[in-house]
>>> print(open('target.csv').read())   # CSV, C-alpha atoms and all ligand atoms
chain,number,residue,atom,x,y,z
A,1,MET,CA,-25.6,-15.0,18.5
A,2,THR,CA,-23.2,-12.3,19.7
A,3,THR,CA,-20.7,-10.7,17.4
A,4,ALA,CA,-17.8,-12.2,19.4
A,5,ALA,CA,-19.2,-15.7,18.7
A,6,ARG,CA,-19.1,-15.3,14.9
A,7,HIS,CA,-15.4,-15.6,14.6
A,8,ASP,CA,-12.6,-17.1,16.7
A,9,PRO,CA,-10.8,-14.2,18.3
A,10,ASP,CA,-7.7,-16.2,18.8
A,11,ARG,CA,-7.3,-17.0,15.1
A,12,ARG,CA,-4.2,-15.3,13.7
A,13,GLY,CA,-3.5,-14.6,10.0
A,14,PHE,CA,-0.6,-13.8,7.7
A,15,GLY,CA,-2.7,-13.5,4.6
A,16,SER,CA,-2.8,-9.7,4.5
A,17,ASP,CA,-2.1,-6.7,6.7
A,18,ASN,CA,-5.8,-5.9,6.4
A,19,GLN,CA,-6.8,-9.1,8.3
A,20,SER,CA,-5.8,-7.4,11.6
A,21,GLY,CA,-8.3,-5.4,13.6
A,22,VAL,CA,-8.3,-1.7,14.4
A,23,HIS,CA,-5.8,-0.1,16.7
A,24,PRO,CA,-7.6,1.0,20.0
A,25,ARG,CA,-6.4,4.6,19.4
A,26,ALA,CA,-8.1,4.6,16.0
A,27,LEU,CA,-11.3,3.4,17.5
A,28,ALA,CA,-11.0,6.0,20.3
A,29,ALA,CA,-10.5,8.7,17.6
A,30,ILE,CA,-13.7,7.6,15.9
A,31,GLY,CA,-15.5,7.8,19.3
A,32,ARG,CA,-14.2,11.3,20.0
A,33,ALA,CA,-15.3,12.4,16.5
A,34,ASN,CA,-18.7,11.0,17.1
A,35,LEU,CA,-20.0,13.7,19.3
A,36,GLY,CA,-22.5,16.2,18.0
A,37,HIS,CA,-23.0,17.4,14.5
A,38,VAL,CA,-20.4,18.8,12.1
A,39,GLY,CA,-20.4,19.6,8.4
A,40,GLY,CA,-20.4,16.8,5.9
A,41,TYR,CA,-18.1,16.1,2.9
A,42,GLY,CA,-15.0,17.4,4.5
A,43,ALA,CA,-16.4,20.6,6.0
A,44,ASP,CA,-15.3,19.4,9.5
A,45,PRO,CA,-12.4,20.3,11.9
A,46,TYR,CA,-10.8,16.8,11.5
A,47,THR,CA,-10.3,17.3,7.8
A,48,ASP,CA,-8.9,20.7,8.5
A,49,GLU,CA,-6.5,19.3,11.0
A,50,LEU,CA,-5.5,16.6,8.6
A,51,GLN,CA,-4.2,19.2,6.2
A,52,ALA,CA,-1.9,20.6,8.8
A,53,VAL,CA,-0.7,17.0,9.7
A,54,LEU,CA,0.0,16.2,6.1
A,55,ALA,CA,1.8,19.5,5.6
A,56,GLY,CA,4.2,18.4,8.3
A,57,HIS,CA,5.0,15.2,6.4
A,58,PHE,CA,4.8,16.3,2.8
A,59,GLY,CA,5.3,20.1,2.7
A,60,ALA,CA,3.2,23.2,3.2
A,61,ASN,CA,1.5,23.2,-0.2
A,62,VAL,CA,0.0,19.7,-0.2
A,63,THR,CA,-3.7,19.0,0.1
A,64,GLY,CA,-5.1,15.6,1.3
A,65,LEU,CA,-8.4,14.2,0.1
A,66,PRO,CA,-9.6,11.3,2.2
A,67,VAL,CA,-11.1,8.3,0.4
A,68,PHE,CA,-12.5,5.0,1.5
A,69,SER,CA,-10.1,2.4,0.1
A,70,GLY,CA,-6.6,1.9,-1.4
A,71,THR,CA,-8.1,1.0,-4.7
A,72,GLY,CA,-10.2,4.1,-4.6
A,73,SER,CA,-7.2,6.2,-3.7
A,74,ASN,CA,-5.2,4.8,-6.7
A,75,VAL,CA,-8.1,5.2,-9.2
A,76,VAL,CA,-8.8,8.8,-8.1
A,77,ALA,CA,-5.1,9.8,-8.4
A,78,LEU,CA,-4.6,8.0,-11.8
A,79,ALA,CA,-7.8,9.2,-13.3
A,80,ALA,CA,-7.1,12.8,-12.3
A,81,PHE,CA,-3.7,12.8,-13.8
A,82,SER,CA,-4.6,11.1,-17.1
A,83,GLY,CA,-6.8,11.9,-20.0
A,84,ARG,CA,-9.3,9.2,-21.2
A,85,TRP,CA,-7.0,8.2,-24.0
A,86,GLN,CA,-3.9,8.0,-21.8
A,87,SER,CA,-2.1,5.3,-19.9
A,88,VAL,CA,-0.2,4.6,-16.7
A,89,ILE,CA,3.2,2.9,-16.7
A,90,CYS,CA,3.5,0.5,-13.7
A,91,ALA,CA,5.3,-2.6,-12.5
A,92,GLU,CA,3.9,-5.9,-13.7
A,93,SER,CA,3.5,-6.8,-10.1
A,94,ALA,CA,1.8,-3.5,-9.1
A,95,HIS,CA,-1.4,-3.8,-7.1
A,96,ILE,CA,-3.2,-1.6,-9.7
A,97,MET,CA,-2.2,-4.2,-12.3
A,98,THR,CA,-2.8,-7.5,-10.6
A,99,ASP,CA,-5.3,-6.9,-7.7
A,100,GLU,CA,-7.8,-4.1,-8.3
A,101,GLY,CA,-10.2,-6.0,-10.5
A,102,GLY,CA,-9.5,-3.7,-13.5
A,103,ALA,CA,-10.7,-0.7,-11.5
A,104,PRO,CA,-8.2,1.7,-13.0
A,105,GLU,CA,-9.4,0.7,-16.5
A,106,GLN,CA,-13.1,0.2,-15.6
A,107,SER,CA,-13.7,3.2,-13.4
A,108,GLY,CA,-10.7,5.4,-14.0
A,109,GLY,CA,-10.6,5.0,-17.8
A,110,VAL,CA,-6.9,4.6,-17.9
A,111,LYS,CA,-4.9,1.9,-19.7
A,112,LEU,CA,-2.2,0.2,-17.7
A,113,ILE,CA,1.2,-0.5,-19.3
A,114,PRO,CA,2.9,-3.3,-17.2
A,115,VAL,CA,6.7,-3.3,-17.1
A,116,PRO,CA,9.0,-6.1,-15.9
A,117,VAL,CA,10.4,-5.6,-12.4
A,118,ARG,CA,13.5,-6.2,-10.4
A,119,ASP,CA,12.5,-7.3,-6.9
A,120,GLY,CA,9.1,-5.6,-7.4
A,121,LYS,CA,10.7,-2.3,-8.5
A,122,LEU,CA,10.5,-0.4,-11.8
A,123,THR,CA,13.8,0.4,-13.3
A,124,PRO,CA,14.7,3.5,-15.3
A,125,ASP,CA,15.6,1.3,-18.2
A,126,GLY,CA,12.2,-0.5,-18.1
A,127,VAL,CA,10.3,2.8,-17.9
A,128,ASP,CA,12.4,4.4,-20.6
A,129,GLU,CA,11.8,1.4,-22.9
A,130,ALA,CA,8.0,1.7,-22.3
A,131,ILE,CA,7.9,5.4,-23.0
A,132,GLY,CA,9.9,4.7,-26.2
A,133,ARG,CA,7.3,2.2,-27.3
A,134,LEU,CA,4.4,4.5,-26.7
A,135,ARG,CA,5.3,7.3,-29.0
A,136,THR,CA,3.0,7.4,-32.0
A,137,ILE,CA,-0.7,8.0,-32.6
A,138,HIS,CA,-1.1,4.2,-32.6
A,139,GLN,CA,-0.2,3.8,-29.0
A,140,SER,CA,-1.9,5.0,-25.8
A,141,ALA,CA,0.0,8.1,-24.7
A,142,PRO,CA,1.6,7.7,-21.3
A,143,ALA,CA,0.5,10.2,-18.6
A,144,VAL,CA,1.8,8.8,-15.3
A,145,VAL,CA,4.5,6.5,-13.9
A,146,SER,CA,3.1,4.7,-10.9
A,147,ILE,CA,5.4,3.1,-8.3
A,148,SER,CA,4.4,1.3,-5.1
A,149,GLN,CA,6.4,2.2,-1.9
A,150,ALA,CA,6.8,-0.3,-0.3
A,151,THR,CA,6.4,-2.6,-3.3
A,152,GLU,CA,4.0,-5.5,-3.5
A,153,LEU,CA,7.0,-7.8,-3.1
A,154,GLY,CA,8.0,-6.2,0.3
A,155,THR,CA,10.9,-4.3,-1.1
A,156,VAL,CA,11.5,-0.5,-0.9
A,157,TYR,CA,12.8,2.0,-3.4
A,158,THR,CA,15.7,4.1,-2.1
A,159,PRO,CA,15.3,7.9,-2.3
A,160,SER,CA,17.8,8.0,-5.2
A,161,GLU,CA,15.8,5.3,-7.1
A,162,VAL,CA,12.6,7.3,-6.7
A,163,ALA,CA,14.5,10.5,-7.7
A,164,GLU,CA,15.8,8.9,-10.8
A,165,LEU,CA,12.4,7.6,-11.9
A,166,THR,CA,10.8,10.9,-11.2
A,167,GLU,CA,13.4,12.8,-13.2
A,168,LEU,CA,12.9,10.5,-16.1
A,169,ALA,CA,9.1,10.7,-15.9
A,170,HIS,CA,9.1,14.5,-15.7
A,171,ALA,CA,11.6,14.8,-18.5
A,172,HIS,CA,9.0,13.1,-20.7
A,173,GLY,CA,6.1,15.2,-19.3
A,174,LEU,CA,4.7,12.4,-17.2
A,175,ALA,CA,3.5,12.7,-13.6
A,176,VAL,CA,4.6,10.4,-10.8
A,177,HIS,CA,2.2,8.6,-8.6
A,178,VAL,CA,3.2,6.7,-5.5
A,179,ASP,CA,0.9,3.9,-4.3
A,180,GLY,CA,1.7,4.4,-0.6
A,181,ALA,CA,-0.6,1.9,0.9
A,182,ARG,CA,2.5,0.9,2.9
A,183,LEU,CA,4.5,4.2,2.6
A,184,ALA,CA,4.8,4.2,6.4
A,185,ASN,CA,6.6,0.8,6.3
A,186,ALA,CA,9.0,2.1,3.6
A,187,ALA,CA,9.7,5.2,5.6
A,188,VAL,CA,10.4,3.3,8.8
A,189,ALA,CA,12.5,0.8,6.9
A,190,LEU,CA,14.7,3.5,5.4
A,191,GLY,CA,14.7,5.7,8.4
A,192,GLU,CA,13.5,8.6,6.3
A,193,PRO,CA,10.5,11.0,6.6
A,194,MET,CA,7.7,10.1,4.2
A,195,GLY,CA,8.1,13.4,2.4
A,196,ALA,CA,11.8,12.6,1.7
A,197,LEU,CA,10.6,9.6,-0.3
A,198,THR,CA,7.9,11.4,-2.3
A,199,THR,CA,7.1,15.1,-2.5
A,200,ASP,CA,10.6,16.3,-1.7
A,201,LEU,CA,11.7,14.3,-4.8
A,202,GLY,CA,9.0,15.8,-7.0
A,203,VAL,CA,6.4,13.1,-6.7
A,204,ASP,CA,3.1,14.6,-7.9
A,205,VAL,CA,0.5,12.5,-6.0
A,206,VAL,CA,0.6,10.0,-3.2
A,207,SER,CA,-2.1,7.4,-2.3
A,208,LEU,CA,-1.3,7.4,1.4
A,209,GLY,CA,-2.6,4.3,3.3
A,210,GLY,CA,-4.1,3.9,6.7
A,211,THR,CA,-6.1,0.8,6.8
A,212,LYS,CA,-3.2,-1.6,6.6
A,213,ASN,CA,-1.5,0.2,9.4
A,214,GLY,CA,-4.2,0.0,12.1
A,215,LEU,CA,-7.2,2.1,10.9
A,216,MET,CA,-10.7,0.8,10.4
A,217,PHE,CA,-10.8,2.5,7.0
A,218,GLY,CA,-9.4,5.7,5.5
A,219,GLU,CA,-6.7,6.5,2.9
A,220,VAL,CA,-5.9,9.9,1.6
A,221,VAL,CA,-4.9,11.2,-1.8
A,222,VAL,CA,-2.1,13.7,-1.2
A,223,VAL,CA,-1.7,16.2,-4.0
A,224,ALA,CA,1.5,18.3,-4.3
A,225,ASP,CA,0.3,21.0,-6.7
A,226,PRO,CA,-2.5,23.2,-5.3
A,227,GLU,CA,-3.7,24.0,-8.8
A,228,LEU,CA,-4.5,20.4,-9.4
A,229,VAL,CA,-6.6,20.0,-6.3
A,230,PRO,CA,-10.0,20.9,-7.9
A,231,LEU,CA,-9.4,18.3,-10.6
A,232,VAL,CA,-8.6,15.6,-8.0
A,233,ALA,CA,-11.6,16.7,-6.0
A,234,ARG,CA,-13.8,16.3,-9.1
A,235,ALA,CA,-12.3,12.8,-9.7
A,236,ARG,CA,-12.9,11.8,-6.1
A,237,LYS,CA,-16.6,12.8,-6.3
A,238,GLY,CA,-17.1,11.3,-9.8
A,239,LEU,CA,-15.5,8.1,-8.7
A,240,ALA,CA,-17.8,7.8,-5.6
A,241,GLN,CA,-14.9,8.2,-3.1
A,242,LEU,CA,-16.1,11.4,-1.4
A,243,GLY,CA,-17.5,10.3,2.0
A,244,SER,CA,-20.3,12.4,3.5
A,245,LYS,CA,-19.3,11.6,7.1
A,246,GLN,CA,-15.7,12.3,6.2
A,247,ARG,CA,-14.8,13.3,9.8
A,248,PHE,CA,-14.4,9.6,10.7
A,249,ALA,CA,-11.8,8.9,8.1
A,250,ALA,CA,-10.0,12.2,8.8
A,251,ALA,CA,-10.1,11.7,12.6
A,252,GLN,CA,-8.4,8.3,12.3
A,253,LEU,CA,-5.8,9.6,9.8
A,254,VAL,CA,-5.0,12.5,12.2
A,255,GLU,CA,-4.6,10.1,15.1
A,256,LEU,CA,-2.2,7.9,13.0
A,257,TYR,CA,-0.2,10.5,11.2
A,258,GLY,CA,-0.5,13.4,13.7
A,259,THR,CA,1.4,11.3,16.3
A,260,GLU,CA,4.2,8.7,16.2
A,261,LEU,CA,1.6,5.9,15.9
A,262,TRP,CA,2.2,5.4,12.2
A,263,SER,CA,5.9,4.7,12.7
A,264,GLU,CA,5.4,2.6,15.8
A,265,LEU,CA,2.9,0.3,14.1
A,266,ALA,CA,4.8,0.1,10.8
A,267,GLY,CA,8.0,-0.6,12.8
A,268,GLN,CA,6.4,-3.5,14.6
A,269,ALA,CA,5.2,-5.0,11.3
A,270,ASN,CA,8.6,-4.6,9.7
A,271,ARG,CA,10.5,-6.0,12.7
A,272,CYS,CA,8.2,-9.1,12.7
A,273,ALA,CA,8.8,-9.7,9.0
A,274,ALA,CA,12.6,-9.5,9.5
A,275,GLU,CA,12.4,-11.9,12.4
A,276,LEU,CA,10.1,-14.3,10.5
A,277,ALA,CA,12.6,-14.4,7.6
A,278,ASP,CA,15.3,-15.3,10.0
A,279,LEU,CA,13.2,-18.0,11.6
A,280,ILE,CA,12.1,-19.8,8.5
A,281,GLY,CA,14.7,-19.1,5.9
A,282,ASP,CA,16.8,-22.2,6.7
A,283,PHE,CA,14.2,-24.9,6.2
A,284,GLU,CA,15.1,-27.4,3.5
A,285,ASP,CA,13.3,-26.6,0.2
A,286,VAL,CA,12.1,-23.3,1.6
A,287,SER,CA,13.7,-20.0,0.7
A,288,VAL,CA,13.0,-16.3,1.0
A,289,ALA,CA,12.2,-15.1,-2.5
A,290,TYR,CA,12.9,-11.3,-2.3
A,291,PRO,CA,14.8,-9.0,0.1
A,292,VAL,CA,12.7,-8.5,3.2
A,293,GLN,CA,12.7,-4.8,3.6
A,294,ALA,CA,9.2,-3.9,4.9
A,295,ASN,CA,6.5,-6.1,6.3
A,296,ALA,CA,6.2,-8.9,3.8
A,297,VAL,CA,8.0,-12.2,3.5
A,298,PHE,CA,7.7,-14.2,0.2
A,299,LEU,CA,8.7,-17.8,0.1
A,300,TYR,CA,9.6,-20.3,-2.5
A,301,ALA,CA,8.1,-23.4,-0.8
A,302,PRO,CA,6.7,-26.9,-1.7
A,303,ASP,CA,3.0,-27.2,-2.2
A,304,VAL,CA,2.5,-28.9,1.2
A,305,VAL,CA,3.9,-25.8,2.9
A,306,ALA,CA,1.8,-23.5,0.9
A,307,ALA,CA,-1.3,-25.6,1.7
A,308,ALA,CA,-0.5,-25.6,5.4
A,309,LEU,CA,0.1,-21.9,5.5
A,310,ALA,CA,-3.2,-21.3,3.6
A,311,ARG,CA,-5.1,-23.5,6.0
A,312,ASP,CA,-3.6,-22.2,9.3
A,313,PHE,CA,-2.8,-18.6,8.5
A,314,ALA,CA,-4.9,-17.7,5.4
A,315,CYS,CA,-1.8,-17.2,3.3
A,316,GLN,CA,-2.1,-16.7,-0.4
A,317,THR,CA,0.1,-18.0,-3.3
A,318,PHE,CA,1.2,-15.3,-5.8
A,319,VAL,CA,2.2,-16.0,-9.3
A,320,VAL,CA,3.5,-12.6,-10.6
A,321,PRO,CA,6.5,-12.3,-11.1
A,322,ASP,CA,7.1,-15.8,-9.6
A,323,ARG,CA,5.1,-18.5,-7.8
A,324,THR,CA,5.6,-17.7,-4.1
A,325,VAL,CA,3.7,-17.8,-0.8
A,326,ARG,CA,3.2,-14.4,0.9
A,327,LEU,CA,3.4,-14.0,4.7
A,328,MET,CA,2.3,-10.5,5.6
A,329,CYS,CA,3.0,-9.1,9.0
A,330,THR,CA,0.9,-6.4,10.5
A,331,TRP,CA,0.8,-3.9,13.4
A,332,ASP,CA,-0.3,-6.5,15.9
A,333,THR,CA,1.8,-9.5,14.8
A,334,ASN,CA,3.7,-10.8,17.8
A,335,ALA,CA,6.5,-13.2,18.6
A,336,ASP,CA,4.2,-16.1,19.3
A,337,ASP,CA,2.6,-15.7,15.9
A,338,LEU,CA,6.1,-16.0,14.3
A,339,LEU,CA,6.9,-19.2,16.2
A,340,ALA,CA,3.5,-20.7,15.2
A,341,VAL,CA,4.4,-20.1,11.5
A,342,ARG,CA,7.8,-21.7,12.0
A,343,ASP,CA,6.1,-24.8,13.7
A,344,CYS,CA,3.5,-25.0,10.9
A,345,ILE,CA,6.2,-25.1,8.2
A,346,ALA,CA,8.3,-27.6,10.2
A,347,LYS,CA,5.3,-29.9,10.6
A,348,ALA,CA,4.3,-29.7,6.9
A,349,LEU,CA,7.8,-30.6,5.8
A,350,THR,CA,8.1,-33.5,8.3
A,351,GLU,CA,4.7,-35.0,7.3
A,352,ARG,CA,5.2,-34.8,3.5
B,401,LIG,C1,0.1,-1.8,-2.6
B,401,LIG,C2,-1.4,-1.8,-2.4
B,401,LIG,N1,-2.1,-0.8,-3.0
B,401,LIG,C3,-3.4,-0.7,-2.9
B,401,LIG,C4,-4.1,-1.6,-2.2
B,401,LIG,C5,-5.6,-1.5,-2.2
B,401,LIG,O1,-6.3,-1.4,-1.1
B,401,LIG,P1,-7.8,-1.8,-0.9
B,401,LIG,O2,-7.9,-3.2,-0.8
B,401,LIG,O3,-8.2,-1.0,0.4
B,401,LIG,O4,-8.5,-1.3,-2.1
B,401,LIG,C6,-3.5,-2.7,-1.6
B,401,LIG,C7,-4.2,-3.8,-0.9
B,401,LIG,O5,-3.8,-4.8,-0.6
B,401,LIG,C8,-2.1,-2.8,-1.8
B,401,LIG,O6,-1.4,-3.9,-1.3
>>> encode(input="target.csv", output="structure tokens")
Amino acid sequence: MTTAARHDPDRRGFGSDNQSGVHPRALAAIGRANLGHVGGYGADPYTDELQAVLAGHFGANVTGLPVFSGTGSNVVALAAFSGRWQSVICAESAHIMTDEGGAPEQSGGVKLIPVPVRDGKLTPDGVDEAIGRLRTIHQSAPAVVSISQATELGTVYTPSEVAELTELAHAHGLAVHVDGARLANAAVALGEPMGALTTDLGVDVVSLGGTKNGLMFGEVVVVADPELVPLVARARKGLAQLGSKQRFAAAQLVELYGTELWSELAGQANRCAAELADLIGDFEDVSVAYPVQANAVFLYAPDVVAAALARDFACQTFVVPDRTVRLMCTWDTNADDLLAVRDCIAKALTER
């Protein structure tokens, strides 16, 4: 049996932005990097070039450490910025809290402190209240405030919201981590450079994504303070996220972030989500749950609709903070896909 015969190449999904394939330019970058022999573990020209690319986005002093996965990226960042007895304040809906199999606790050795959200976002009041609760020897001492940009509910923090949270965290001696699995989507949505949402505002460490935006694999931990790089490098090795053939992750990241590809692909995904919300928001008993600001649409919908979307498009139902169905657009979502979702919902509602 050939590889092509093992799955239906015409099947489309809205379950996650990692259900899409690899952008041809990322594949080509892997092909180009595949010639000859170069040093392992980051001693290669692609990792060097990545540093210059990241400096262009996040500032001259940053260092980027490529890793294999988004979970790995988060765990490395959080573990490096926290002692074993310390904790990370995060949204109750944060991916680190709900969807990483306990990896931050199990592998990173940090305790997570979930805080209620407003449209997926931490608020200064919520963070302040959590810090206030964690003051004595009887509580785990907070070390980091982690925010997701874009959030897991498809919303984005404005620069002033990030600035306010960062100021608050720093005033209490806490570092700020951005889970940027979808930072590209947030930057495009806001029309801001990625650095203007993170390092320019004092964010200490960013888990910058690539896989959800067209790469085969490859995320990168971007560290603002050069003095902390050896610590993060130790955490990356200790947490099994240092790839020996790192050139392949780095080459893809250079292709994505060293050109306009990152914003083109994120823009396509974002536009599709906005159009999808317009197309399906008016069905009876179906409503859009959160502001559609990046590439996700969450729906309050009857069970028959959830079941039809799960069957036809591999959509998942989420329960935190509300019971909703998630439709995730990605870099290769197209207009026909959106119409197919609309028709699927219409049919499910007619047949109920
Ligand atoms: C916001 C966010 N962070 C991190 C991750 C983790 O990525 P991975 O599945 O590659 O570990 C995801 C994956 O869905 C995510 O949505």
>>> residues_near_ligand(input="target.csv", ligand="ligand LIG 401 (chain B)", cutoff="9 Å", atoms="all atoms listed in the file", output="CSV table (one decimal) with C-alpha atoms, in the coordinates of the input")
chain,number,residue,atom,x,y,z
A,16,SER,CA,-2.8,-9.7,4.5
A,17,ASP,CA,-2.1,-6.7,6.7
A,18,ASN,CA,-5.8,-5.9,6.4
A,68,PHE,CA,-12.5,5.0,1.5
A,69,SER,CA,-10.1,2.4,0.1
A,70,GLY,CA,-6.6,1.9,-1.4
A,71,THR,CA,-8.1,1.0,-4.7
A,72,GLY,CA,-10.2,4.1,-4.6
A,73,SER,CA,-7.2,6.2,-3.7
A,74,ASN,CA,-5.2,4.8,-6.7
A,94,ALA,CA,1.8,-3.5,-9.1
A,95,HIS,CA,-1.4,-3.8,-7.1
A,96,ILE,CA,-3.2,-1.6,-9.7
A,99,ASP,CA,-5.3,-6.9,-7.7
A,100,GLU,CA,-7.8,-4.1,-8.3
A,148,SER,CA,4.4,1.3,-5.1
A,149,GLN,CA,6.4,2.2,-1.9
A,150,ALA,CA,6.8,-0.3,-0.3
A,151,THR,CA,6.4,-2.6,-3.3
A,152,GLU,CA,4.0,-5.5,-3.5
A,179,ASP,CA,0.9,3.9,-4.3
A,180,GLY,CA,1.7,4.4,-0.6
A,181,ALA,CA,-0.6,1.9,0.9
A,182,ARG,CA,2.5,0.9,2.9
A,207,SER,CA,-2.1,7.4,-2.3
A,209,GLY,CA,-2.6,4.3,3.3
A,210,GLY,CA,-4.1,3.9,6.7
A,211,THR,CA,-6.1,0.8,6.8
A,212,LYS,CA,-3.2,-1.6,6.6
A,217,PHE,CA,-10.8,2.5,7.0
A,218,GLY,CA,-9.4,5.7,5.5
A,219,GLU,CA,-6.7,6.5,2.9
>>> residues_near_point(input="target.csv", point="(13.8, -7.0, 5.1)", cutoff="7 Å", atoms="all atoms listed in the file", output="PyMOL selection string")
chain A and resi 273-274+291-294
>>> closest_residue(input="target.csv", among="A:Leu122, A:Leu231, A:Val320, A:Ala184", to="A:Ala266", atoms="only C-alpha atoms")
A:Ala184
>>> closest_residue(input="target.csv", among="A:Val341, A:Ala55, A:Leu65, A:Val162", to="A:Gly42", atoms="all atoms listed in the file")
A:Leu65
>>> closest_residue(input="target.csv", among="A:Thr47, A:Gln106, A:Thr317, A:Asn61", to="A:Asp200", atoms="all atoms listed in the file")
A:Asn61
>>> closest_residue(input="target.csv", among="A:Ala269, A:Val325, A:Val286, A:Leu279", to="A:Leu339", atoms="all atoms listed in the file")
A:Leu279
>>> closest_atom_pairs(input="target.csv", of="stretch 171-234 of chain A", to="stretch 242-263 of chain A", cutoff="12 Å", atoms="all atoms listed in the file", output="CSV")
residue,atom,partner,partner_atom,distance
A:Arg182,CA,A:Trp262,CA,10.3
A:Leu183,CA,A:Trp262,CA,9.9
A:Ala184,CA,A:Ser263,CA,6.4
A:Asn185,CA,A:Ser263,CA,7.5
A:Ala186,CA,A:Ser263,CA,10.0
A:Ala187,CA,A:Ser263,CA,8.1
A:Val188,CA,A:Ser263,CA,6.1
A:Ala189,CA,A:Ser263,CA,9.6
A:Leu190,CA,A:Ser263,CA,11.5
A:Gly191,CA,A:Ser263,CA,9.8
A:Glu192,CA,A:Ser263,CA,10.7
A:Pro193,CA,A:Ser263,CA,9.9
A:Met194,CA,A:Ser263,CA,10.2
A:Leu208,CA,A:Leu253,CA,9.8
A:Gly209,CA,A:Leu253,CA,9.0
A:Gly210,CA,A:Leu253,CA,6.7
A:Thr211,CA,A:Leu253,CA,9.3
A:Lys212,CA,A:Trp262,CA,10.5
A:Asn213,CA,A:Trp262,CA,7.0
A:Gly214,CA,A:Leu256,CA,8.2
A:Leu215,CA,A:Gln252,CA,6.5
A:Met216,CA,A:Gln252,CA,8.1
A:Phe217,CA,A:Ala249,CA,6.6
A:Gly218,CA,A:Ala249,CA,4.8
A:Glu219,CA,A:Leu253,CA,7.6
A:Val220,CA,A:Leu253,CA,8.2
A:Val221,CA,A:Leu242,CA,11.2
A:Val232,CA,A:Leu242,CA,10.8
A:Ala233,CA,A:Leu242,CA,8.3
A:Arg234,CA,A:Leu242,CA,9.4
>>> closest_residue(input="target.csv", among="A:Gly56, A:Pro45, A:Pro142, A:Gly13", to="A:Cys90", atoms="only C-alpha atoms")
A:Pro142
>>> atom_distance(input="target.csv", atom1="atom CA of A:Gln86", atom2="atom CA of A:Val115")
16.2 Å
>>> closest_residue(input="target.csv", among="A:Ala296, A:Leu265, A:Leu228, A:Thr350", to="A:Glu284", atoms="all atoms listed in the file")
A:Thr350
>>> atom_distance(input="target.csv", atom1="atom CA of A:Arg323", atom2="atom CA of A:Tyr300")
7.2 Å
>>> atom_distance(input="target.csv", atom1="atom CA of A:Gly173", atom2="atom CA of A:Val156")
24.8 Å
>>> residues_around(input="target.csv", residues="A:Ala224", least_positions_apart="4", cutoff="10 Å", atoms="all atoms listed in the file", output="mmCIF file with C-alpha atoms, keeping the file's coordinate frame")
data_model
loop_
_atom_site.group_PDB
_atom_site.id
_atom_site.type_symbol
_atom_site.label_atom_id
_atom_site.label_comp_id
_atom_site.auth_asym_id
_atom_site.auth_seq_id
_atom_site.Cartn_x
_atom_site.Cartn_y
_atom_site.Cartn_z
ATOM 1 C CA ALA A 55 1.800 19.500 5.600
ATOM 2 C CA PHE A 58 4.800 16.300 2.800
ATOM 3 C CA GLY A 59 5.300 20.100 2.700
ATOM 4 C CA ALA A 60 3.200 23.200 3.200
ATOM 5 C CA ASN A 61 1.500 23.200 -0.200
ATOM 6 C CA VAL A 62 0.000 19.700 -0.200
ATOM 7 C CA THR A 63 -3.700 19.000 0.100
ATOM 8 C CA GLY A 64 -5.100 15.600 1.300
ATOM 9 C CA THR A 198 7.900 11.400 -2.300
ATOM 10 C CA THR A 199 7.100 15.100 -2.500
ATOM 11 C CA ASP A 200 10.600 16.300 -1.700
ATOM 12 C CA GLY A 202 9.000 15.800 -7.000
ATOM 13 C CA VAL A 203 6.400 13.100 -6.700
ATOM 14 C CA ASP A 204 3.100 14.600 -7.900
ATOM 15 C CA VAL A 205 0.500 12.500 -6.000
ATOM 16 C CA VAL A 206 0.600 10.000 -3.200
ATOM 17 C CA LEU A 228 -4.500 20.400 -9.400
ATOM 18 C CA VAL A 229 -6.600 20.000 -6.300
#
>>> residues_around(input="target.csv", residues="A:Leu153", least_positions_apart="5", cutoff="7 Å", atoms="all atoms listed in the file", output="ChimeraX atom specification")
/A:119-120,290
>>> residues_around(input="target.csv", residues="A:Leu168", least_positions_apart="3", cutoff="8 Å", atoms="all atoms listed in the file", output="list in words")
Pro124, Asp128, Glu164, Leu165, Ala171 and His172 of chain A
